[in-house]
Every structure is written in C-alpha cells, then in structure tokens.
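*Asks:* I'm passing along input_2.txt; it holds compact mmCIF, C-alpha atoms and all ligand atoms.
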# COMPACT_ATOMS: atom_id res chain seq x y z
CA MET A 1 24.37 43.52 -27.01
CA LEU A 2 27.13 44.63 -24.67
CA VAL A 3 30.61 45.30 -26.09
CA ARG A 4 33.72 46.35 -24.19
CA ARG A 5 36.10 48.82 -25.87
CA ASP A 6 39.09 50.39 -24.20
CA SER A 7 39.64 54.00 -25.05
CA LYS A 8 43.13 55.40 -25.54
CA THR A 9 42.22 58.93 -24.60
CA ALA A 10 39.20 58.95 -22.32
CA ALA A 11 39.03 57.56 -18.80
CA ASN A 12 38.36 53.85 -18.85
CA ASP A 13 35.45 53.86 -16.42
CA LEU A 14 32.70 51.31 -17.00
CA ASN A 15 30.43 53.86 -18.67
CA THR A 16 33.11 54.69 -21.21
CA VAL A 17 34.25 51.19 -22.07
CA TYR A 18 30.70 49.84 -22.37
CA ARG A 19 29.25 52.86 -24.16
CA PRO A 20 27.22 51.59 -27.14
CA CYS A 21 28.61 52.65 -30.54
CA THR A 22 25.97 51.28 -32.92
CA THR A 23 22.17 51.23 -32.86
CA ASP A 24 22.25 47.46 -32.28
CA GLU A 25 24.40 47.85 -29.17
CA VAL A 26 21.92 50.14 -27.44
CA LEU A 27 19.85 48.35 -24.80
CA GLY A 28 16.41 49.89 -24.35
CA ASN A 29 14.74 52.76 -26.24
CA LYS A 30 14.33 50.42 -29.21
CA THR A 31 11.82 52.54 -31.14
CA ASN A 32 14.23 55.46 -31.24
CA MET A 33 17.07 53.20 -32.26
CA ASN A 34 15.03 51.65 -35.08
CA ILE A 35 14.16 55.09 -36.47
CA ILE A 36 17.82 56.14 -36.37
CA LYS A 37 18.93 52.82 -37.89
CA ARG A 38 16.44 53.08 -40.75
CA GLY A 39 17.35 56.73 -41.33
CA LEU A 40 21.07 55.96 -41.54
CA ASP A 41 20.66 52.90 -43.77
CA SER A 42 18.26 54.64 -46.16
CA THR A 43 20.44 57.81 -46.14
CA ASN A 44 17.24 59.60 -45.24
CA LEU A 45 17.91 60.61 -41.65
CA ALA A 46 16.28 63.81 -40.38
CA HIS A 47 18.76 66.69 -40.10
CA THR A 48 17.55 68.14 -36.79
CA PHE A 49 16.82 66.15 -33.65
CA LEU A 50 15.82 67.14 -30.15
CA PHE A 51 16.63 64.32 -27.72
CA THR A 52 14.77 64.64 -24.43
CA GLY A 53 14.87 62.50 -21.29
CA ASP A 54 16.64 62.14 -17.97
CA ALA A 55 20.42 62.33 -17.68
CA GLY A 56 22.13 58.98 -18.15
CA CYS A 57 19.46 57.46 -20.42
CA GLY A 58 21.47 57.45 -23.65
CA LYS A 59 20.87 60.80 -25.39
CA THR A 60 24.55 61.61 -25.92
CA SER A 61 25.36 58.02 -26.87
CA ALA A 62 22.62 58.12 -29.52
CA ALA A 63 23.98 61.44 -30.83
CA ARG A 64 27.47 59.93 -31.19
CA ILE A 65 26.02 56.84 -32.87
CA ILE A 66 24.46 59.15 -35.47
CA ALA A 67 27.78 60.98 -35.97
CA LEU A 68 29.60 57.66 -36.45
CA GLY A 69 26.93 56.25 -38.76
CA LEU A 70 26.91 59.37 -40.94
CA ASN A 71 30.67 59.56 -41.29
CA CYS A 72 32.16 56.06 -41.33
CA MET A 73 34.46 55.94 -44.35
CA LYS A 74 34.09 52.20 -44.86
CA TYR A 75 30.90 52.92 -46.80
CA ASP A 76 30.03 55.37 -49.56
CA THR A 77 26.93 56.55 -47.71
CA SER A 78 25.71 56.64 -44.13
CA SER A 79 25.27 53.29 -42.39
CA SER A 80 23.94 52.01 -39.08
CA ASN A 81 26.93 49.71 -38.82
CA PRO A 82 30.04 51.95 -38.60
CA CYS A 83 33.37 50.07 -38.69
CA LEU A 84 34.76 51.93 -35.62
CA LYS A 85 38.24 51.46 -37.12
CA CYS A 86 38.57 53.96 -39.97
CA ILE A 87 40.16 57.39 -39.42
CA SER A 88 36.77 59.06 -39.32
CA CYS A 89 35.30 56.62 -36.77
CA LEU A 90 38.42 56.80 -34.60
CA SER A 91 38.50 60.59 -34.57
CA ILE A 92 34.85 60.66 -33.44
CA LEU A 93 35.45 57.97 -30.79
CA ASN A 94 38.50 59.88 -29.52
CA HIS A 95 36.66 63.22 -29.52
CA ASN A 96 39.09 64.90 -31.88
CA SER A 97 37.00 65.16 -35.04
CA ILE A 98 36.88 68.74 -36.29
CA ASP A 99 33.55 68.13 -37.98
CA VAL A 100 31.71 66.49 -35.10
CA MET A 101 31.25 69.23 -32.55
CA GLU A 102 30.03 68.50 -29.04
CA ILE A 103 29.00 71.72 -27.40
CA ASN A 104 28.09 71.74 -23.72
CA VAL A 105 25.84 74.77 -23.67
CA GLY A 106 25.99 74.90 -19.87
CA GLN A 107 29.75 75.42 -20.07
CA SER A 108 30.31 77.29 -23.30
CA GLY A 109 27.37 79.52 -22.47
CA GLY A 110 25.42 81.99 -24.47
CA LYS A 111 25.15 83.34 -27.90
CA ASP A 112 28.83 84.00 -28.66
CA ALA A 113 29.77 80.33 -28.69
CA VAL A 114 26.76 79.53 -30.85
CA ASP A 115 27.61 82.49 -33.12
CA ASN A 116 31.05 81.07 -33.81
CA ILE A 117 29.71 77.63 -34.62
CA VAL A 118 26.91 78.96 -36.80
CA ARG A 119 29.29 81.21 -38.74
CA ASP A 120 31.38 78.18 -39.65
CA LEU A 121 28.52 75.86 -40.66
CA PRO A 122 28.19 76.88 -44.35
CA SER A 123 31.75 75.74 -45.11
CA SER A 124 32.21 72.12 -46.17
CA PRO A 125 33.27 69.51 -43.63
CA PHE A 126 37.02 69.43 -43.06
CA ASN A 127 37.55 65.72 -43.58
CA ALA A 128 34.30 63.98 -42.63
CA ARG A 129 31.30 63.44 -44.86
CA TYR A 130 28.98 65.53 -42.70
CA LYS A 131 29.24 68.09 -39.94
CA VAL A 132 27.38 67.08 -36.81
CA ALA A 133 26.70 69.66 -34.10
CA ILE A 134 25.68 68.07 -30.79
CA PHE A 135 24.38 70.50 -28.17
CA ASP A 136 24.32 69.12 -24.61
CA GLU A 137 22.12 70.89 -22.05
CA ALA A 138 20.36 72.59 -24.94
CA HIS A 139 17.79 74.15 -22.57
CA LYS A 140 20.53 76.59 -21.56
CA LEU A 141 20.59 78.13 -25.04
CA THR A 142 19.53 81.77 -24.73
CA SER A 143 16.49 82.78 -26.80
CA ALA A 144 18.83 84.85 -28.98
CA ALA A 145 20.93 81.73 -29.59
CA GLN A 146 17.80 79.70 -30.32
CA ASP A 147 16.65 82.33 -32.85
CA LEU A 148 20.01 82.25 -34.55
CA LEU A 149 19.94 78.45 -34.74
CA LEU A 150 16.35 78.50 -36.03
CA LYS A 151 17.47 80.50 -39.03
CA VAL A 152 20.23 78.02 -39.79
CA ILE A 153 17.93 75.04 -39.30
CA GLU A 154 15.37 76.55 -41.66
CA ASP A 155 18.00 77.36 -44.29
CA GLY A 156 19.03 73.70 -44.03
CA TYR A 157 22.54 72.81 -45.07
CA LYS A 158 22.74 69.36 -46.64
CA HIS A 159 26.10 68.69 -45.03
CA VAL A 160 25.04 69.64 -41.49
CA TYR A 161 23.13 67.67 -38.84
CA PHE A 162 21.95 69.12 -35.54
CA ILE A 163 21.29 67.14 -32.38
CA PHE A 164 20.04 69.00 -29.32
CA CYS A 165 20.00 67.08 -26.01
CA THR A 166 18.14 68.20 -22.90
CA ASN A 167 16.38 66.93 -19.80
CA GLN A 168 14.35 70.15 -19.59
CA PRO A 169 12.73 70.67 -23.01
CA GLU A 170 10.05 72.88 -21.43
CA LYS A 171 12.68 75.61 -21.17
CA LEU A 172 13.07 75.79 -24.96
CA THR A 173 10.78 78.00 -27.01
CA ASP A 174 7.83 76.32 -28.77
CA THR A 175 9.02 77.62 -32.13
CA PHE A 176 12.36 75.96 -31.58
CA ILE A 177 10.86 72.63 -30.52
CA THR A 178 8.48 72.46 -33.48
CA ARG A 179 11.43 72.73 -35.89
CA CYS A 180 13.06 69.61 -34.40
CA ASN A 181 12.31 65.91 -34.63
CA VAL A 182 11.69 65.19 -30.97
CA MET A 183 12.78 61.82 -29.56
CA HIS A 184 12.22 60.97 -25.92
CA PHE A 185 14.71 58.68 -24.18
CA SER A 186 13.09 56.72 -21.35
CA ARG A 187 14.59 55.11 -18.31
CA ILE A 188 15.00 51.38 -18.86
CA SER A 189 13.48 48.52 -16.89
CA GLU A 190 15.01 47.25 -13.67
CA ASN A 191 15.41 43.80 -15.26
CA LEU A 192 17.33 45.22 -18.19
CA ILE A 193 19.61 47.16 -15.81
CA LEU A 194 20.17 43.98 -13.81
CA SER A 195 21.12 42.06 -16.94
CA ILE A 196 23.57 44.83 -17.94
CA LEU A 197 25.11 44.74 -14.44
CA LYS A 198 25.41 40.94 -14.53
CA ASN A 199 27.03 40.97 -17.96
CA VAL A 200 29.49 43.70 -17.03
CA ALA A 201 30.34 42.06 -13.70
CA GLU A 202 31.02 38.78 -15.51
CA PHE A 203 33.01 40.44 -18.33
CA GLU A 204 35.11 42.24 -15.73
CA GLY A 205 35.65 39.08 -13.69
CA MET A 206 34.10 40.63 -10.58
CA ASN A 207 33.49 38.33 -7.63
CA TYR A 208 29.95 39.67 -7.39
CA ASN A 209 26.96 38.98 -5.16
CA LEU A 210 23.69 38.82 -7.11
CA ASP A 211 21.66 40.39 -4.29
CA VAL A 212 23.94 43.43 -4.35
CA LEU A 213 23.50 43.72 -8.13
CA LYS A 214 19.72 43.57 -7.59
CA ASN A 215 20.02 46.31 -4.98
CA ILE A 216 21.99 48.53 -7.37
CA ALA A 217 19.54 47.80 -10.20
CA SER A 218 16.60 48.77 -8.02
CA GLU A 219 18.21 51.93 -6.61
CA SER A 220 19.40 53.19 -9.98
CA ARG A 221 15.77 53.65 -11.04
CA GLY A 222 16.24 52.87 -14.71
CA ILE A 223 19.38 54.93 -15.30
CA PRO A 224 22.12 52.66 -16.66
CA ARG A 225 24.86 55.26 -16.21
CA GLN A 226 24.11 55.56 -12.50
CA ALA A 227 24.02 51.77 -12.12
CA LEU A 228 27.46 51.35 -13.71
CA VAL A 229 28.98 54.10 -11.53
CA TRP A 230 27.73 52.32 -8.42
CA LEU A 231 28.85 48.91 -9.71
CA LYS A 232 32.41 50.21 -10.11
CA GLN A 233 32.41 51.75 -6.62
CA VAL A 234 31.00 48.62 -4.98
CA ASN A 235 33.61 46.50 -6.75
CA ASP A 236 36.42 48.88 -5.77
CA ASP A 237 35.17 48.76 -2.18
CA GLY A 238 35.32 44.96 -2.36
CA ASN A 239 32.65 44.26 0.31
CA TRP A 240 29.85 42.74 -1.67
CA THR A 241 27.23 43.17 1.07
CA ILE A 242 23.88 44.98 0.92
CA ASP A 243 24.94 47.25 3.79
CA SER A 244 28.18 48.38 2.20
CA SER A 245 26.48 48.88 -1.17
CA ASN A 246 23.81 50.97 0.57
CA SER A 247 26.42 53.17 2.16
CA ILE A 248 27.99 53.74 -1.27
CA ILE A 249 24.66 54.45 -2.93
CA GLY A 250 23.52 56.69 -0.07
CA ALA A 251 26.80 58.55 0.26
CA LEU A 252 26.49 59.81 -3.28
CA SER A 253 23.33 61.81 -2.97
CA ASP A 254 23.69 64.76 -0.62
CA GLU A 255 20.83 66.46 -2.39
CA PHE A 256 18.60 63.55 -1.48
CA GLU A 257 19.64 63.83 2.19
CA THR A 258 18.77 67.55 2.22
CA ASN A 259 15.37 66.75 0.79
CA THR A 260 14.62 64.07 3.40
CA VAL A 261 15.58 66.50 6.14
CA ASP A 262 13.12 68.98 4.61
CA ILE A 263 10.40 66.32 4.53
CA THR A 264 11.00 65.43 8.18
CA LYS A 265 11.00 69.07 9.29
CA ALA A 266 7.74 69.68 7.42
CA LEU A 267 6.16 66.66 9.13
CA LEU A 268 7.33 67.79 12.57
CA GLU A 269 5.70 71.16 11.88
CA GLY A 270 2.47 69.41 10.93
CA LYS A 271 2.74 70.32 7.24
CA PHE A 272 1.52 67.14 5.56
CA LYS A 273 1.01 68.63 2.10
CA GLU A 274 4.44 70.23 2.03
CA ALA A 275 6.08 66.88 2.85
CA VAL A 276 4.08 65.18 0.10
CA VAL A 277 5.10 67.81 -2.45
CA ILE A 278 8.82 67.34 -1.66
CA TYR A 279 8.50 63.56 -1.81
CA ASP A 280 6.58 63.66 -5.11
CA LYS A 281 9.53 65.42 -6.70
CA LEU A 282 11.91 62.77 -5.37
CA LYS A 283 9.97 59.59 -5.91
CA LYS A 284 11.18 58.97 -9.46
CA GLU A 285 14.73 58.86 -8.11
CA ILE A 286 14.31 56.96 -4.91
CA GLN A 287 12.37 54.13 -3.31
CA ALA A 288 9.88 54.95 -0.53
CA GLU A 289 11.82 52.61 1.75
CA ARG A 290 14.98 54.72 1.43
CA ILE A 291 13.01 57.78 2.55
CA ARG A 292 11.60 55.84 5.51
CA ILE A 293 15.11 54.81 6.59
CA SER A 294 16.40 58.39 6.31
CA ILE A 295 13.48 59.79 8.31
CA VAL A 296 14.03 57.14 11.00
CA ALA A 297 17.71 58.15 11.25
CA TYR A 298 16.74 61.81 11.60
CA ILE A 299 14.07 61.11 14.25
CA ILE A 300 16.46 58.95 16.28
CA GLY A 301 18.76 61.99 16.40
CA CYS A 302 15.83 64.10 17.66
CA LEU A 303 14.96 61.46 20.26
CA LYS A 304 18.52 61.48 21.61
CA ARG A 305 18.43 65.26 21.91
CA SER A 306 14.91 65.49 23.37
CA LYS A 307 14.73 67.83 26.36
CA ASN A 308 11.95 66.26 28.37
CA PHE A 309 9.75 63.20 28.70
CA SER A 310 6.86 64.39 26.54
CA GLU A 311 9.16 65.39 23.69
CA GLY A 312 10.92 62.02 23.91
CA LYS A 313 7.54 60.26 23.92
CA LYS A 314 6.52 62.13 20.76
CA PHE A 315 9.62 61.03 18.84
CA SER A 316 9.30 57.50 20.16
CA ASP A 317 5.67 57.36 18.91
CA ILE A 318 6.83 58.58 15.50
CA LEU A 319 9.46 55.83 15.39
CA ASP A 320 6.68 53.29 16.13
CA ILE A 321 4.78 54.52 13.09
CA LEU A 322 7.87 54.15 10.93
CA SER A 323 8.86 50.75 12.28
CA SER A 324 7.69 48.53 9.42
CA PRO A 325 9.72 48.57 6.21
CA ILE A 326 8.04 49.49 2.93
CA PHE A 327 8.60 46.55 0.61
CA GLU A 328 6.09 47.74 -1.95
CA GLN A 329 7.51 49.62 -4.92
CA GLY A 330 6.02 52.29 -7.15
CA LYS A 331 2.57 53.63 -6.30
CA LEU A 332 1.85 51.15 -3.50
CA GLY A 333 5.08 52.14 -1.78
CA ASP A 334 4.19 55.82 -2.21
CA TYR A 335 0.74 55.29 -0.66
CA LYS A 336 2.22 53.56 2.35
CA LEU A 337 4.69 56.40 2.87
CA TYR A 338 1.91 59.03 2.55
CA ASN A 339 0.05 57.14 5.25
CA TYR A 340 3.12 57.24 7.50
CA PHE A 341 3.40 60.98 6.81
CA PHE A 342 -0.21 61.53 7.81
CA LYS A 343 0.10 59.55 11.04
CA ILE A 344 3.24 61.51 11.99
CA VAL A 345 1.42 64.79 11.38
CA CYS A 346 -1.46 63.57 13.61
CA ILE A 347 1.04 63.02 16.44
CA THR A 348 2.74 66.40 15.98
CA LYS A 349 -0.64 68.17 15.96
CA ASN A 350 -1.85 66.39 19.10
CA LYS A 351 1.14 67.16 21.26
ZN ZN B 401 34.48 53.69 -39.89
For the structure just supplied, provide its representation as structure tokens.
Ligand SMILES: [Zn+2]
*Replies:*
Amino acid sequence: MLVRRDSKTAANDLNTVYRPCTTDEVLGNKTNMNIIKRGLDSTNLAHTFLFTGDAGCGKTSAARIIALGLNCMKYDTSSSNPCLKCISCLSILNHNSIDVMEINVGQSGGKDAVDNIVRDLPSSPFNARYKVAIFDEAHKLTSAAQDLLLKVIEDGYKHVYFIFCTNQPEKLTDTFITRCNVMHFSRISENLILSILKNVAEFEGMNYNLDVLKNIASESRGIPRQALVWLKQVNDDGNWTIDSSNSIIGALSDEFETNTVDITKALLEGKFKEAVVIYDKLKKEIQAERIRISIVAYIIGCLKRSKNFSEGKKFSDILDILSSPIFEQGKLGDYKLYNYFFKIVCITKNK
C-alpha cells in the first residue's frame, strides 16, 4: 500500500514522501514485516535487531517503523498502527525526537560517539515511551565500540531498543552478531518495483511511458530507492524515451564505468579470468547487456585510435563478437557475456 505524505522539514523527494511508515505500507520483505508487526502488537518485540541487506532495501524505514510503533501516544502500549499525528509520532517523522536517536556510524565515527550515547541510556526517556537507538552503517563500529554496546545489550534496559543496520555484517564480530536478532532485507522483484513506479507516476500525474518505467524497474535491480531516484530524474528531464532514460541511468554510475573499463582492459590483455571476476562483482547491480554496450563503446574508441591495419582489424573483429544484444537476464545473460569475453580473449591471444 503506497501512501504519499509531504514532510515539513525534510526534502520532498519521492523517496521521502512515499517512505512507508507502518508495517502494512511496506512493499516486499513481508516475513520481516510480519514479525515486527506481531512483536509490536503483542508488546513482545525483541530489544536488539541487526538489519542486514543492500542499501535502499528498507532497513532504515523498518527501523523508523519500529520507533513509531513503540512510541505512538494514541495507544497505551506499542502498536503496529501508529497514528502519525500525535506529538511523539510527529517528532519521530520530523527527526527531532530526543529519544529516537539515529546515529550514522560512518559519520559520527568511533567509540567516543557511542560512549556518549551509552552513558545516557540508563536514564528514562525524555518524553517518549521508549528510547530507540538506530545505528546506520553499523559495520563501521570499532571493536571497542562493539564491546561497549555488547555490555549494554546484555544488561538489557527495558526502556531501550537497539537497531543496527548494515550492508556488510561480515565486518561485525561474531559475538556481536549472536547477541542480535538478525533480519535480512532482500531486494524486491522487478514486478513489484514496476507496480510501485506505476503507482507513483500516476499519483504524481506524470505523463509517463510504460516502456521507460519497465526500463527503470529492470535497471534498478530490486532496489526501490534507486528506482524512485531515477523516476524523478526522468520526469524532470521530460523526455520519456528509452534513450534519454538510459543516459540518466548510465550517467549516475561512474563506478560502473570504471569497472567496465577494467573489464575491457583485462580482455585486451588476454586475462579472461580477471574480467570474469570483475563482472561477477557487478552482475547483481547491472544487466549483462549494459556491460556489452559499454564494452562496445570502449572498443569503438580503440578502433578510431588504432595505429595500423592489423590493430584496426583486431578491434573490428571484437566488435563483430559483441554485435548481438544480450536479451537474456540473470544467469543466461551472464553465460552469454562470459562467452563473448572468451571469444575476445581468443582474438587478443591470436594477434
Ligand atoms: Zn502517534
């Protein structure tokens, strides 16, 4: 269920105004939401969570939903259906609640910041029912900070809830992880992303082109936040064509461009395995076809700069290999690209 809410304080980008505020509003990750919903409604929610999963898949939203559900003043106890209108709800929504602390560990850094928070935890909440400490980028907690938090978690204050969010849980110590209730947030299906995009585009009165929405849904690879960022940019641009949407989507990821250049260089040096390793790290983010297009663009540049006939012939042969688009997605697309890689390496080794 998609709901639009303007925010008085935060930027009104699509991700902010369509951010889910109750468990029922979250699309995808239903098992997690049901556990949180039951915990809030039975006033039996675990006090320490570790939310894992890729950026943009709803970890922070879920943490805020817990904070709202625990503290809504419309009810005497926690509830999965916060009113979003009472003073407590509004202060959480506007990020000015003293008792709901969002700590970006990457920014606030090491143990000192954690020290200050931990020192203050034993005192009662200022005006909310519970204190909620949300740690973003929790993998950046130093081991000293993790040890300090472990002590507090084990002591267990009834009025304090901890939510740690990270996309790199492997960087946390095992002892720390075992003290948390771990919940993994998955990417959501392309169809679900498409339905979110369609709903938002209709809500916003956009003069949209369905094929462009499908393109965004496919390129966003299951990350709703990314999809909504692109939707806004495509709409601002106003040209609802596949080409213009591709230039917006492509223009955003410099890191991806660097990686494709590395793949192409590896192939030209005959290093098949190295190219495969780089691609394997990327493939969750990007379709094989996008890689093919980028490699083609790079090779055309090489062809233009080629110094003699045989060099030109080599690049032209490589372009022949890459001439058919990869329509297959997932593993089949990957296999086709690997095959292209191998054929390119054969050419570079022969010449
Ligand atoms: Zn409320």
*Asks:* Which is closest to ligand ZN 401 (chain B) among A:Thr178, A:Ser80, A:Asn34, A:Asn259, if we use all atoms listed in the file?
*Replies:*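 The answer is A:Ser80, which sits nearest to ligand ZN 401 (chain B).
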*Asks:* Give me, as a Markdown table, each residue of chain A that comes within 8 Å of ligand ZN 401 (chain B), together with its shortest interatomic pair and the distance in Å at one decimal, counting only C-alpha atoms and all ligand atoms, with rows ordered by chain and rising residue number.
*Replies:*
| residue | atom | partner | partner_atom | distance |
| --- | --- | --- | --- | --- |
| A:Leu68 | CA | B:ZN401 | ZN | 7.2 |
| A:Asn71 | CA | B:ZN401 | ZN | 7.1 |
| A:Cys72 | CA | B:ZN401 | ZN | 3.6 |
| A:Met73 | CA | B:ZN401 | ZN | 5.0 |
| A:Lys74 | CA | B:ZN401 | ZN | 5.2 |
| A:Tyr75 | CA | B:ZN401 | ZN | 7.8 |
| A:Pro82 | CA | B:ZN401 | ZN | 4.9 |
| A:Cys83 | CA | B:ZN401 | ZN | 4.0 |
| A:Leu84 | CA | B:ZN401 | ZN | 4.6 |
| A:Lys85 | CA | B:ZN401 | ZN | 5.2 |
| A:Cys86 | CA | B:ZN401 | ZN | 4.1 |
| A:Ile87 | CA | B:ZN401 | ZN | 6.8 |
| A:Ser88 | CA | B:ZN401 | ZN | 5.9 |
| A:Cys89 | CA | B:ZN401 | ZN | 4.4 |
| A:Leu90 | CA | B:ZN401 | ZN | 7.3 |
*Asks:* Could you list, with a cut-off of 12 Å and counting all atoms listed in the file, the residues of region 145-254 of chain A near region 323-339 of chain A, each shown with its nearest atom pair and the distance in Å rounded to one decimal, rows sorted by chain and ascending number, as a Markdown table?
*Replies:*
| residue | atom | partner | partner_atom | distance |
| --- | --- | --- | --- | --- |
| A:Glu190 | CA | A:Gln329 | CA | 11.8 |
| A:Ser218 | CA | A:Gln329 | CA | 9.6 |
| A:Glu219 | CA | A:Gln329 | CA | 11.1 |
| A:Arg221 | CA | A:Gly330 | CA | 10.6 |
*Asks:* How many Å lie between CA of Ile286 (chain A) and CA of Ala138 (chain A), rounded to one decimal?
*Replies:*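 Computing the Euclidean distance for CA of Ile286 (chain A) and CA of Ala138 (chain A) yields 26.1 Å.
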*Asks:* As an exercise, work out the distance from CA of Cys21 (chain A) to CA of Asn167 (chain A) in Å and give it to one decimal place.
*Replies:*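 Separation between CA of Cys21 (chain A) and CA of Asn167 (chain A): 21.7 Å.
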*Asks:* So how many Å separate CA of Leu121 (chain A) and CA of His47 (chain A), to one decimal?
*Replies:*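 Going from CA of Leu121 (chain A) over to CA of His47 (chain A) covers 13.4 Å.
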*Asks:* With distances taken over only C-alpha atoms, which residue among A:Thr264, A:Thr31, A:Asn12, A:Thr258 lies nearest Ser186 (chain A)?
*Replies:*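 For Ser186 (chain A), the nearest of the candidates is A:Thr31.
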